[in-house]
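Asker: What follows is start_8.pdb, made up of PDB, C-alpha atoms:
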ATOM      1  CA  MET A   1       0.000   0.000   0.000
ATOM      2  CA  SER A   2       1.379   3.431  -0.932
ATOM      3  CA  THR A   3       1.972   6.147   1.653
ATOM      4  CA  SER A   4      -0.645   8.313  -0.027
ATOM      5  CA  ASN A   5      -3.253   5.577   0.552
ATOM      6  CA  ARG A   6      -2.215   5.244   4.178
ATOM      7  CA  THR A   7      -2.775   8.965   4.784
ATOM      8  CA  GLN A   8      -6.236   9.116   3.270
ATOM      9  CA  GLY A   9      -8.911  10.656   5.461
ATOM     10  CA  LYS A  10      -6.753  13.494   6.766
ATOM     11  CA  LYS A  11      -8.454  16.880   6.924
ATOM     12  CA  ALA A  12      -5.819  19.051   8.628
ATOM     13  CA  ILE A  13      -2.030  19.283   8.713
ATOM     14  CA  CYS A  14      -0.429  20.941  11.743
ATOM     15  CA  PHE A  15       3.111  22.326  11.627
ATOM     16  CA  ASP A  16       5.752  23.180  14.142
ATOM     17  CA  VAL A  17       7.559  26.436  13.291
ATOM     18  CA  ASN A  18      11.207  26.564  14.377
ATOM     19  CA  GLN A  19      13.451  24.049  12.618
ATOM     20  CA  THR A  20      10.445  22.827  10.614
ATOM     21  CA  LEU A  21       9.012  25.660   8.509
ATOM     22  CA  ILE A  22      11.790  28.047   9.473
ATOM     23  CA  HIS A  23      15.455  27.303  10.100
ATOM     24  CA  GLN A  24      17.028  28.462  13.326
ATOM     25  CA  GLY A  25      19.893  30.549  11.950
ATOM     26  CA  ILE A  26      22.158  30.907  15.004
ATOM     27  CA  HIS A  27      22.171  29.148  18.335
ATOM     28  CA  PHE A  28      21.454  30.809  21.668
ATOM     29  CA  GLU A  29      25.132  30.730  22.674
ATOM     30  CA  GLN A  30      26.210  32.474  19.461
ATOM     31  CA  ALA A  31      23.627  35.218  19.948
ATOM     32  CA  PHE A  32      24.570  35.599  23.633
ATOM     33  CA  ARG A  33      28.249  36.042  22.818
ATOM     34  CA  SER A  34      27.529  38.408  19.914
ATOM     35  CA  VAL A  35      25.297  40.693  21.978
ATOM     36  CA  TRP A  36      27.831  40.810  24.811
ATOM     37  CA  ASN A  37      30.732  41.535  22.437
ATOM     38  CA  ASP A  38      28.748  44.400  20.941
ATOM     39  CA  TYR A  39      27.999  45.829  24.381
ATOM     40  CA  TYR A  40      31.594  45.303  25.506
ATOM     41  CA  SER A  41      33.020  47.072  22.435
ATOM     42  CA  ARG A  42      30.835  50.131  23.070
ATOM     43  CA  SER A  43      31.442  50.330  26.811
ATOM     44  CA  ILE A  44      33.674  52.959  28.345
ATOM     45  CA  GLN A  45      33.485  51.467  31.849
ATOM     46  CA  GLY A  46      36.760  49.828  32.901
ATOM     47  CA  ASP A  47      37.695  46.233  32.177
ATOM     48  CA  PHE A  48      34.817  43.947  31.278
ATOM     49  CA  PRO A  49      35.012  40.156  31.026
ATOM     50  CA  GLN A  50      35.266  38.584  27.601
ATOM     51  CA  ALA A  51      32.264  36.753  26.182
ATOM     52  CA  GLU A  52      33.869  33.382  26.942
ATOM     53  CA  GLU A  53      34.162  34.149  30.663
ATOM     54  CA  LEU A  54      30.648  35.577  30.978
ATOM     55  CA  TRP A  55      29.119  32.693  29.059
ATOM     56  CA  ASN A  56      30.856  30.119  31.285
ATOM     57  CA  LYS A  57      29.656  31.876  34.437
ATOM     58  CA  TYR A  58      26.142  32.173  33.064
ATOM     59  CA  GLN A  59      26.114  28.470  32.149
ATOM     60  CA  SER A  60      27.329  27.518  35.612
ATOM     61  CA  TYR A  61      24.437  29.344  37.261
ATOM     62  CA  TRP A  62      22.015  28.029  34.632
ATOM     63  CA  GLN A  63      22.945  24.415  35.383
ATOM     64  CA  GLN A  64      22.581  25.025  39.127
ATOM     65  CA  HIS A  65      19.157  26.639  38.806
ATOM     66  CA  LYS A  66      17.986  24.157  36.177
ATOM     67  CA  LYS A  67      18.279  21.292  38.658
ATOM     68  CA  THR A  68      15.960  23.023  41.132
ATOM     69  CA  ARG A  69      13.663  24.734  38.616
ATOM     70  CA  THR A  70       9.914  24.386  39.122
ATOM     71  CA  THR A  71       7.100  25.070  36.674
ATOM     72  CA  ARG A  72       6.434  28.281  38.603
ATOM     73  CA  VAL A  73       9.709  29.811  37.396
ATOM     74  CA  HIS A  74       9.336  31.344  33.948
ATOM     75  CA  LEU A  75      12.189  30.683  31.538
ATOM     76  CA  ASP A  76      12.781  34.412  30.950
ATOM     77  CA  ASP A  77      13.025  35.084  34.690
ATOM     78  CA  LEU A  78      15.442  32.203  35.168
ATOM     79  CA  GLN A  79      17.678  33.403  32.336
ATOM     80  CA  GLN A  80      17.757  36.920  33.722
ATOM     81  CA  GLN A  81      18.533  35.714  37.246
ATOM     82  CA  CYS A  82      21.441  33.585  36.014
ATOM     83  CA  LEU A  83      22.879  36.506  34.048
ATOM     84  CA  GLN A  84      22.510  38.841  37.023
ATOM     85  CA  ASN A  85      24.353  36.362  39.234
ATOM     86  CA  ALA A  86      27.142  35.974  36.669
ATOM     87  CA  LEU A  87      27.569  39.740  36.273
ATOM     88  CA  LYS A  88      27.596  40.233  40.012
ATOM     89  CA  GLU A  89      30.268  37.570  40.513
ATOM     90  CA  LEU A  90      32.372  39.176  37.784
ATOM     91  CA  HIS A  91      31.887  42.631  39.353
ATOM     92  CA  VAL A  92      30.272  44.127  36.266
ATOM     93  CA  PRO A  93      28.182  47.224  37.073
ATOM     94  CA  VAL A  94      24.964  47.318  35.023
ATOM     95  CA  HIS A  95      21.625  49.070  35.358
ATOM     96  CA  GLN A  96      18.603  47.335  36.846
ATOM     97  CA  GLN A  97      16.928  46.454  33.528
ATOM     98  CA  PHE A  98      20.139  45.279  31.865
ATOM     99  CA  SER A  99      19.363  41.542  31.971
ATOM    100  CA  ASN A 100      15.910  42.041  30.466
ATOM    101  CA  ASP A 101      17.294  44.322  27.743
ATOM    102  CA  PHE A 102      20.173  41.913  27.076
ATOM    103  CA  PHE A 103      17.933  38.923  26.389
ATOM    104  CA  GLN A 104      15.595  41.000  24.240
ATOM    105  CA  LEU A 105      18.623  41.747  22.048
ATOM    106  CA  VAL A 106      19.551  38.049  22.055
ATOM    107  CA  ARG A 107      16.057  37.106  20.879
ATOM    108  CA  ARG A 108      16.088  39.860  18.273
ATOM    109  CA  SER A 109      19.453  38.642  16.984
ATOM    110  CA  ARG A 110      18.198  35.072  16.688
ATOM    111  CA  LEU A 111      14.991  36.134  14.965
ATOM    112  CA  ALA A 112      16.937  38.183  12.418
ATOM    113  CA  ALA A 113      19.109  35.184  11.539
ATOM    114  CA  LYS A 114      16.223  32.818  10.810
ATOM    115  CA  SER A 115      15.486  31.705   7.231
ATOM    116  CA  LEU A 116      12.702  29.897   5.434
ATOM    117  CA  ALA A 117      13.316  26.172   5.063
ATOM    118  CA  PRO A 118      13.669  24.928   1.453
ATOM    119  CA  ARG A 119      10.475  24.322  -0.561
ATOM    120  CA  VAL A 120       8.158  25.405   2.242
ATOM    121  CA  GLU A 121       6.117  27.976   0.339
ATOM    122  CA  GLU A 122       5.637  25.773  -2.719
ATOM    123  CA  THR A 123       4.515  22.898  -0.503
ATOM    124  CA  LEU A 124       2.022  25.015   1.434
ATOM    125  CA  GLN A 125       0.602  26.358  -1.825
ATOM    126  CA  GLU A 126      -0.147  22.799  -2.958
ATOM    127  CA  LEU A 127      -1.591  21.686   0.367
ATOM    128  CA  ALA A 128      -3.688  24.734   1.284
ATOM    129  CA  PRO A 129      -6.585  24.115  -1.168
ATOM    130  CA  ARG A 130      -7.049  20.554   0.102
ATOM    131  CA  PHE A 131      -6.355  20.749   3.856
ATOM    132  CA  LYS A 132      -6.806  23.005   6.842
ATOM    133  CA  LEU A 133      -3.288  24.140   7.733
ATOM    134  CA  ALA A 134      -2.470  24.964  11.352
ATOM    135  CA  ILE A 135       0.432  25.804  13.658
ATOM    136  CA  ILE A 136       1.137  24.013  16.942
ATOM    137  CA  SER A 137       4.189  25.635  18.519
ATOM    138  CA  ASN A 138       5.845  26.000  21.910
ATOM    139  CA  SER A 139       7.189  29.416  20.866
ATOM    140  CA  PRO A 140       5.471  32.600  22.073
ATOM    141  CA  ARG A 141       2.522  33.602  19.911
ATOM    142  CA  SER A 142       4.095  36.995  19.181
ATOM    143  CA  GLU A 143       7.206  35.279  17.781
ATOM    144  CA  VAL A 144       5.163  32.844  15.686
ATOM    145  CA  THR A 145       3.024  35.586  14.114
ATOM    146  CA  HIS A 146       6.121  37.721  13.528
ATOM    147  CA  LEU A 147       7.843  34.882  11.662
ATOM    148  CA  LEU A 148       4.771  33.966   9.628
ATOM    149  CA  ASN A 149       4.368  37.605   8.579
ATOM    150  CA  ARG A 150       8.067  38.064   7.871
ATOM    151  CA  PHE A 151       8.238  35.049   5.576
ATOM    152  CA  LYS A 152       4.823  35.739   4.014
ATOM    153  CA  LEU A 153       3.244  32.546   5.330
ATOM    154  CA  SER A 154       0.444  34.119   7.370
ATOM    155  CA  GLY A 155      -2.069  33.633   4.555
ATOM    156  CA  TYR A 156      -1.849  29.867   5.013
ATOM    157  CA  PHE A 157      -2.469  29.995   8.762
ATOM    158  CA  PRO A 158      -5.506  31.978   9.970
ATOM    159  CA  GLU A 159      -5.271  33.377  13.513
ATOM    160  CA  GLU A 160      -7.771  30.834  14.806
ATOM    161  CA  ARG A 161      -5.508  28.006  13.619
ATOM    162  CA  ILE A 162      -2.366  29.188  15.416
ATOM    163  CA  PHE A 163      -2.042  27.251  18.665
ATOM    164  CA  THR A 164       0.635  28.343  21.153
ATOM    165  CA  ALA A 165       1.048  27.613  24.853
ATOM    166  CA  GLN A 166      -0.196  30.024  27.497
ATOM    167  CA  HIS A 167       1.480  28.052  30.295
ATOM    168  CA  SER A 168       4.482  25.742  30.555
ATOM    169  CA  ALA A 169       2.233  22.780  31.336
ATOM    170  CA  ASP A 170       0.474  23.257  27.978
ATOM    171  CA  LYS A 171       3.631  22.902  25.906
ATOM    172  CA  LYS A 172       4.403  19.908  23.697
ATOM    173  CA  PRO A 173       4.912  17.008  24.301
ATOM    174  CA  ASN A 174       1.989  17.508  26.708
ATOM    175  CA  ILE A 175      -1.329  17.220  24.904
ATOM    176  CA  PRO A 176      -3.322  20.424  25.714
ATOM    177  CA  LEU A 177      -2.280  22.190  22.475
ATOM    178  CA  PHE A 178      -3.174  19.147  20.410
ATOM    179  CA  LYS A 179      -6.544  18.843  22.152
ATOM    180  CA  THR A 180      -7.231  22.546  21.557
ATOM    181  CA  ALA A 181      -6.438  22.137  17.853
ATOM    182  CA  ILE A 182      -8.693  19.079  17.557
ATOM    183  CA  ARG A 183     -11.554  20.841  19.301
ATOM    184  CA  THR A 184     -11.163  24.162  17.467
ATOM    185  CA  MET A 185     -11.084  22.566  14.023
ATOM    186  CA  ASP A 186     -13.967  20.250  14.943
ATOM    187  CA  LEU A 187     -12.155  17.135  13.782
ATOM    188  CA  SER A 188     -11.243  13.768  15.238
ATOM    189  CA  PRO A 189      -7.596  13.106  16.194
ATOM    190  CA  ARG A 190      -7.190  10.702  13.271
ATOM    191  CA  GLN A 191      -8.144  13.445  10.821
ATOM    192  CA  LEU A 192      -5.127  15.522  11.854
ATOM    193  CA  VAL A 193      -1.418  14.962  11.332
ATOM    194  CA  MET A 194       1.472  16.744  13.033
ATOM    195  CA  VAL A 195       4.603  17.776  11.102
ATOM    196  CA  GLY A 196       7.701  18.692  13.087
ATOM    197  CA  ASN A 197      11.416  18.186  13.610
ATOM    198  CA  SER A 198      11.360  17.129  17.272
ATOM    199  CA  TRP A 199      10.816  13.469  18.048
ATOM    200  CA  LYS A 200      10.031  14.243  21.687
ATOM    201  CA  HIS A 201       7.818  17.305  21.285
ATOM    202  CA  ASP A 202       6.167  16.874  17.892
ATOM    203  CA  VAL A 203       6.077  13.130  17.244
ATOM    204  CA  CYS A 204       5.630  11.729  20.754
ATOM    205  CA  GLY A 205       3.283  14.543  21.754
ATOM    206  CA  ALA A 206       1.110  14.109  18.673
ATOM    207  CA  THR A 207       0.844  10.327  18.853
ATOM    208  CA  LYS A 208       0.015  10.526  22.561
ATOM    209  CA  ALA A 209      -2.899  12.795  21.575
ATOM    210  CA  GLY A 210      -4.057  10.294  18.911
ATOM    211  CA  LEU A 211      -2.577  11.977  15.808
ATOM    212  CA  ASP A 212      -0.332  10.497  13.156
ATOM    213  CA  ALA A 213       2.949  12.386  12.748
ATOM    214  CA  VAL A 214       5.528  13.329  10.138
ATOM    215  CA  TRP A 215       9.075  13.618  11.464
ATOM    216  CA  VAL A 216      11.238  16.046   9.468
ATOM    217  CA  GLN A 217      14.911  15.068   9.586
ATOM    218  CA  ALA A 218      16.442  17.849   7.538
ATOM    219  CA  ASN A 219      20.061  16.843   8.249
ATOM    220  CA  SER A 220      19.734  13.131   7.552
ATOM    221  CA  GLY A 221      21.506  13.151   4.186
ATOM    222  CA  THR A 222      20.359  13.214   0.574
ATOM    223  CA  SER A 223      17.909  10.317   0.691
ATOM    224  CA  ARG A 224      14.441  11.002  -0.685
ATOM    225  CA  LYS A 225      12.932   7.801   0.685
ATOM    226  CA  ILE A 226       9.907   8.142   2.961
ATOM    227  CA  SER A 227      10.023   5.632   5.793
ATOM    228  CA  GLN A 228       7.225   4.615   8.126
ATOM    229  CA  GLN A 229       7.004   3.147  11.610
ATOM    230  CA  LYS A 230       4.449   2.666  14.360
ATOM    231  CA  LEU A 231       4.471   4.533  17.659
ATOM    232  CA  GLY A 232       1.799   2.885  19.720
ATOM    233  CA  LYS A 233      -1.215   2.690  17.423
ATOM    234  CA  ARG A 234      -0.278   5.723  15.339
ATOM    235  CA  ASN A 235       1.753   6.031  12.140
ATOM    236  CA  VAL A 236       4.957   8.056  12.002
ATOM    237  CA  TYR A 237       6.421   9.005   8.610
ATOM    238  CA  CYS A 238       9.998  10.220   8.235
ATOM    239  CA  ILE A 239      10.910  12.724   5.510
ATOM    240  CA  GLN A 240      13.991  14.808   4.690
ATOM    241  CA  GLN A 241      12.506  17.660   2.649
ATOM    242  CA  MET A 242       9.269  19.561   3.137
ATOM    243  CA  ASP A 243       8.032  18.909  -0.409
ATOM    244  CA  GLN A 244       7.940  15.169   0.345
ATOM    245  CA  LEU A 245       4.654  15.948   2.090
ATOM    246  CA  LEU A 246       3.187  16.119  -1.407
ATOM    247  CA  GLU A 247       4.028  12.434  -1.839
ATOM    248  CA  LEU A 248       2.222  11.639   1.397
ATOM    249  CA  PHE A 249      -0.831  13.817   0.801
TER     250      PHE A 249
END
Show the structure stored in the file as C-alpha cells.

Answerer:
Amino acid sequence: MSTSNRTQGKKAICFDVNQTLIHQGIHFEQAFRSVWNDYYSRSIQGDFPQAEELWNKYQSYWQQHKKTRTTRVHLDDLQQQCLQNALKELHVPVHQQFSNDFFQLVRRSRLAAKSLAPRVEETLQELAPRFKLAIISNSPRSEVTHLLNRFKLSGYFPEERIFTAQHSADKKPNIPLFKTAIRTMDLSPRQLVMVGNSWKHDVCGATKAGLDAVWVQANSGTSRKISQQKLGKRNVYCIQQMDQLLELF
C-alpha cells in the first residue's frame, strides 16, 4: 500500500515552526556572545570580562538553577537571574533592567538570523486548497506571528488556527495544544497529522494525543525515501525535505 493511501482521510495538517518551517539561523550561545561583544566594544566602563568568561559563568548558574527549577519559574526570569548572578560575581556594574534588555537583544538577533526552510512555500501552496493548515508551537505567539508575517506565510495559517502555549504545562509534548487544535477545528484526532522536527515534542506529543505524525529530519543526508514506523497505534512518517509531504498527501 502506498503512503498516499495510508494517509487518506486526513483533513488538517499541523506544523511546528522553528526548525520545521523556518530554520534556526544561530544558536542561543552564538547570539549571547555576539550581543555581549557588541555591548563590551561600546562600553567605556573599565575592564569587562570577555564573552567566553561571561558565558561560562552564566552556564554555571544556569545548570545550578535548572536542577531546582519548578514550573512556577518562567524561563525568561530564570535566564535573567542567572545573568545577574554571573555579572555580580564578575563585578560588572549594570543598570537594573540590563538583563531584560540583554535577552531582548539576544532574541532579536536570533529572529533576524532565521530563514525559510527549502520548498516550504511551494509545498504550502499545494496543500492549502485541500487541507486546513495549522500551527502548533511551543514558541510565544508573538514570535510565531512575527515569523509567519516576515516570511509571508500568514495567509496559510488563519489566527484561529495558530495554537501556542499560554502556560508551561500546555507545551508539547503535553497534549493540551493538540486537544485545543482538535476541538477548534472540529475534527477527530485521526483526521489531523502533526509535522515537526522534534521526536520528543512533535512526534511523541502528537501520537500521545491520537494523531499520526511526520518527522522532518532535515540533516539526515540526501535520501528522498519516505520511511514509516508505528508509535503505539499511530503512524509516524519520516521525511527529509518539506516537499515530500506532497508524496504523502

Asker: For this structure, which residues satisfy the selection - the PyMOL selection byres ((chain A and resi 80) around 10) - when it is evaluated on the file as given? I want them as a list of chain:residue names.

Answerer: A:Tyr58, A:Trp62, A:Leu75, A:Asp76, A:Asp77, A:Leu78, A:Gln79, A:Gln81, A:Cys82, A:Leu83, A:Gln84, A:Asn85, A:Ala86, A:Gln97, A:Phe98, A:Ser99, A:Asn100, A:Asp101, A:Phe102, A:Phe103

Asker: To one decimal in Å, tell me the separation between atom CA of A:Arg150 and atom CA of A:Phe15.

Answerer: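 That distance, rounded to one decimal, is 16.9 Å.
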
Asker: Once the PyMOL selection byres ((chain A and resi 214) around 9) has been evaluated on this model, what residues remain selected, and can you format them as a list in words?

Answerer: Val193, Met194, Val195, Gly196, Asn197, Asp202, Val203, Asp212, Ala213, Trp215, Val216, Asn235, Val236, Tyr237, Cys238, Ile239 and Leu245 of chain A

Asker: Compile the contact shell of A:Leu153 as a PyMOL selection string: residues with an atom at most 10 Å away, counting only C-alpha atoms, same-chain residues fewer than 3 positions apart removed.

Answerer: chain A and resi 21+116+120-121+124-125+145+147-150+156-158

Asker: With the file shown as input, list the residues that the PyMOL selection byres ((chain A and resi 225) around 9) selects, as a list in words.

Answerer: Ser223, Arg224, Ile226, Ser227, Cys238, Ile239, Gln240 and Gln244 of chain A

Asker: Padding of 5 Å on every side, edges along x, y and z, all listed atoms of stretch 205-211 of chain A included: what centre and edge lengths in Å, to one decimal, does that box have, as lines of an AutoDock Vina configuration file?

Answerer:
center_x = -0.4
center_y = 12.4
center_z = 19.2
size_x = 17.3
size_y = 14.2
size_z = 16.8

Asker: From the set A:Ser188, A:Asn138, A:Asn37, A:Gln96, which residue has the shortest atom-to-atom contact distance to A:Asp170, counting only C-alpha atoms?

Answerer: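 Checking each of A:Ser188, A:Asn138, A:Asn37, A:Gln96 against A:Asp170, counting only C-alpha atoms, the winner is A:Asn138.
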
Asker: Which one is closest to A:Arg141: A:Ala218, A:Val17, A:Lys230, A:Leu187? Count all atoms listed in the file.

Answerer: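 Comparing A:Ala218, A:Val17, A:Lys230, A:Leu187 against A:Arg141, the winner is A:Val17.
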
Asker: What separation in Å, quoted to one decimal, exists between atom CA of A:Thr207 and atom CA of A:Leu133?

Answerer: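 Atom-to-atom, atom CA of A:Thr207 to atom CA of A:Leu133, that is 18.2 Å.
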
Asker: Write out as a list in words which residues come within 8 Å of A:His201 when counting all atoms listed in the file, dropping same-chain ones fewer than 2 positions away.

Answerer: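 Counting all atoms listed in the file, the residues come to Lys172, Pro173, Asn174, Ser198, Trp199, Val203, Cys204, Gly205 and Ala206 of chain A.
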
Asker: Could you add whatever atoms are missing so that stretch 155-166 of chain A carries all heavy atoms, then write the result as a PDB file, in the coordinates of the input?

Answerer:
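Saved the output as rebuild13.pdb:
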ATOM      1  N   GLY A 155      -0.867  33.927   5.314  1.00  0.00           N
ATOM      2  CA  GLY A 155      -2.069  33.633   4.555  1.00  0.00           C
ATOM      3  C   GLY A 155      -2.476  32.171   4.609  1.00  0.00           C
ATOM      4  O   GLY A 155      -3.654  31.842   4.384  1.00  0.00           O
ATOM      5  N   TYR A 156      -1.540  31.296   4.927  1.00  0.00           N
ATOM      6  CA  TYR A 156      -1.849  29.867   5.013  1.00  0.00           C
ATOM      7  C   TYR A 156      -2.374  29.469   6.391  1.00  0.00           C
ATOM      8  O   TYR A 156      -2.941  28.388   6.554  1.00  0.00           O
ATOM      9  CB  TYR A 156      -0.599  29.034   4.710  1.00  0.00           C
ATOM     10  CG  TYR A 156      -0.021  29.290   3.336  1.00  0.00           C
ATOM     11  CD1 TYR A 156       1.186  29.980   3.181  1.00  0.00           C
ATOM     12  CD2 TYR A 156      -0.683  28.853   2.195  1.00  0.00           C
ATOM     13  CE1 TYR A 156       1.714  30.219   1.921  1.00  0.00           C
ATOM     14  CE2 TYR A 156      -0.158  29.089   0.930  1.00  0.00           C
ATOM     15  CZ  TYR A 156       1.034  29.778   0.803  1.00  0.00           C
ATOM     16  OH  TYR A 156       1.559  30.022  -0.436  1.00  0.00           O
ATOM     17  N   PHE A 157      -2.151  30.348   7.383  1.00  0.00           N
ATOM     18  CA  PHE A 157      -2.469  29.995   8.762  1.00  0.00           C
ATOM     19  C   PHE A 157      -3.315  31.091   9.414  1.00  0.00           C
ATOM     20  O   PHE A 157      -2.769  32.045   9.997  1.00  0.00           O
ATOM     21  CB  PHE A 157      -1.178  29.790   9.568  1.00  0.00           C
ATOM     22  CG  PHE A 157      -0.272  28.735   8.998  1.00  0.00           C
ATOM     23  CD1 PHE A 157       0.843  29.093   8.247  1.00  0.00           C
ATOM     24  CD2 PHE A 157      -0.529  27.387   9.198  1.00  0.00           C
ATOM     25  CE1 PHE A 157       1.684  28.134   7.714  1.00  0.00           C
ATOM     26  CE2 PHE A 157       0.305  26.419   8.670  1.00  0.00           C
ATOM     27  CZ  PHE A 157       1.415  26.789   7.924  1.00  0.00           C
ATOM     28  N   PRO A 158      -4.642  30.990   9.321  1.00  0.00           N
ATOM     29  CA  PRO A 158      -5.506  31.978   9.970  1.00  0.00           C
ATOM     30  C   PRO A 158      -5.239  32.040  11.476  1.00  0.00           C
ATOM     31  O   PRO A 158      -4.780  31.048  12.073  1.00  0.00           O
ATOM     32  CB  PRO A 158      -6.923  31.447   9.686  1.00  0.00           C
ATOM     33  CG  PRO A 158      -6.774  30.521   8.532  1.00  0.00           C
ATOM     34  CD  PRO A 158      -5.396  29.932   8.633  1.00  0.00           C
ATOM     35  N   GLU A 159      -5.526  33.183  12.084  1.00  0.00           N
ATOM     36  CA  GLU A 159      -5.271  33.377  13.513  1.00  0.00           C
ATOM     37  C   GLU A 159      -5.879  32.268  14.363  1.00  0.00           C
ATOM     38  O   GLU A 159      -5.273  31.817  15.338  1.00  0.00           O
ATOM     39  CB  GLU A 159      -5.830  34.732  13.962  1.00  0.00           C
ATOM     40  CG  GLU A 159      -4.968  35.922  13.575  1.00  0.00           C
ATOM     41  CD  GLU A 159      -3.687  36.004  14.396  1.00  0.00           C
ATOM     42  OE1 GLU A 159      -3.725  35.609  15.578  1.00  0.00           O
ATOM     43  OE2 GLU A 159      -2.660  36.439  13.844  1.00  0.00           O
ATOM     44  N   GLU A 160      -7.087  31.838  13.998  1.00  0.00           N
ATOM     45  CA  GLU A 160      -7.771  30.834  14.806  1.00  0.00           C
ATOM     46  C   GLU A 160      -7.144  29.448  14.674  1.00  0.00           C
ATOM     47  O   GLU A 160      -7.508  28.518  15.405  1.00  0.00           O
ATOM     48  CB  GLU A 160      -9.263  30.757  14.433  1.00  0.00           C
ATOM     49  CG  GLU A 160      -9.559  30.250  13.030  1.00  0.00           C
ATOM     50  CD  GLU A 160      -9.579  31.352  11.973  1.00  0.00           C
ATOM     51  OE1 GLU A 160      -9.075  32.465  12.266  1.00  0.00           O
ATOM     52  OE2 GLU A 160     -10.088  31.096  10.862  1.00  0.00           O
ATOM     53  N   ARG A 161      -6.183  29.292  13.751  1.00  0.00           N
ATOM     54  CA  ARG A 161      -5.508  28.006  13.619  1.00  0.00           C
ATOM     55  C   ARG A 161      -4.031  28.097  14.038  1.00  0.00           C
ATOM     56  O   ARG A 161      -3.201  27.280  13.627  1.00  0.00           O
ATOM     57  CB  ARG A 161      -5.622  27.494  12.184  1.00  0.00           C
ATOM     58  CG  ARG A 161      -7.019  27.003  11.838  1.00  0.00           C
ATOM     59  CD  ARG A 161      -7.000  26.182  10.568  1.00  0.00           C
ATOM     60  NE  ARG A 161      -7.992  26.646   9.615  1.00  0.00           N
ATOM     61  CZ  ARG A 161      -7.784  26.843   8.324  1.00  0.00           C
ATOM     62  NH1 ARG A 161      -6.590  26.636   7.821  1.00  0.00           N
ATOM     63  NH2 ARG A 161      -8.757  27.265   7.536  1.00  0.00           N
ATOM     64  N   ILE A 162      -3.712  29.076  14.839  1.00  0.00           N
ATOM     65  CA  ILE A 162      -2.366  29.188  15.416  1.00  0.00           C
ATOM     66  C   ILE A 162      -2.482  28.857  16.900  1.00  0.00           C
ATOM     67  O   ILE A 162      -3.094  29.601  17.669  1.00  0.00           O
ATOM     68  CB  ILE A 162      -1.775  30.592  15.218  1.00  0.00           C
ATOM     69  CG1 ILE A 162      -1.639  30.900  13.724  1.00  0.00           C
ATOM     70  CG2 ILE A 162      -0.412  30.707  15.915  1.00  0.00           C
ATOM     71  CD1 ILE A 162      -1.176  32.316  13.428  1.00  0.00           C
ATOM     72  N   PHE A 163      -1.904  27.733  17.295  1.00  0.00           N
ATOM     73  CA  PHE A 163      -2.042  27.251  18.665  1.00  0.00           C
ATOM     74  C   PHE A 163      -0.685  27.316  19.368  1.00  0.00           C
ATOM     75  O   PHE A 163       0.255  26.613  18.984  1.00  0.00           O
ATOM     76  CB  PHE A 163      -2.586  25.819  18.666  1.00  0.00           C
ATOM     77  CG  PHE A 163      -3.883  25.675  17.910  1.00  0.00           C
ATOM     78  CD1 PHE A 163      -3.893  25.162  16.605  1.00  0.00           C
ATOM     79  CD2 PHE A 163      -5.076  26.076  18.467  1.00  0.00           C
ATOM     80  CE1 PHE A 163      -5.071  25.039  15.896  1.00  0.00           C
ATOM     81  CE2 PHE A 163      -6.273  25.966  17.764  1.00  0.00           C
ATOM     82  CZ  PHE A 163      -6.272  25.454  16.485  1.00  0.00           C
ATOM     83  N   THR A 164      -0.591  28.179  20.371  1.00  0.00           N
ATOM     84  CA  THR A 164       0.635  28.343  21.153  1.00  0.00           C
ATOM     85  C   THR A 164       0.296  28.237  22.630  1.00  0.00           C
ATOM     86  O   THR A 164      -0.847  28.476  23.043  1.00  0.00           O
ATOM     87  CB  THR A 164       1.303  29.701  20.880  1.00  0.00           C
ATOM     88  OG1 THR A 164       0.369  30.758  21.142  1.00  0.00           O
ATOM     89  CG2 THR A 164       1.757  29.796  19.422  1.00  0.00           C
ATOM     90  N   ALA A 165       1.289  27.890  23.435  1.00  0.00           N
ATOM     91  CA  ALA A 165       1.048  27.613  24.853  1.00  0.00           C
ATOM     92  C   ALA A 165       0.936  28.889  25.674  1.00  0.00           C
ATOM     93  O   ALA A 165       1.747  29.809  25.521  1.00  0.00           O
ATOM     94  CB  ALA A 165       2.165  26.737  25.401  1.00  0.00           C
ATOM     95  N   GLN A 166      -0.053  28.932  26.541  1.00  0.00           N
ATOM     96  CA  GLN A 166      -0.196  30.024  27.497  1.00  0.00           C
ATOM     97  C   GLN A 166       0.624  29.744  28.764  1.00  0.00           C
ATOM     98  O   GLN A 166       1.098  30.655  29.414  1.00  0.00           O
ATOM     99  CB  GLN A 166      -1.671  30.195  27.886  1.00  0.00           C
ATOM    100  CG  GLN A 166      -2.578  30.605  26.743  1.00  0.00           C
ATOM    101  CD  GLN A 166      -2.359  32.041  26.312  1.00  0.00           C
ATOM    102  OE1 GLN A 166      -2.023  32.901  27.123  1.00  0.00           O
ATOM    103  NE2 GLN A 166      -2.535  32.307  25.023  1.00  0.00           N
TER     104      GLN A 166
END
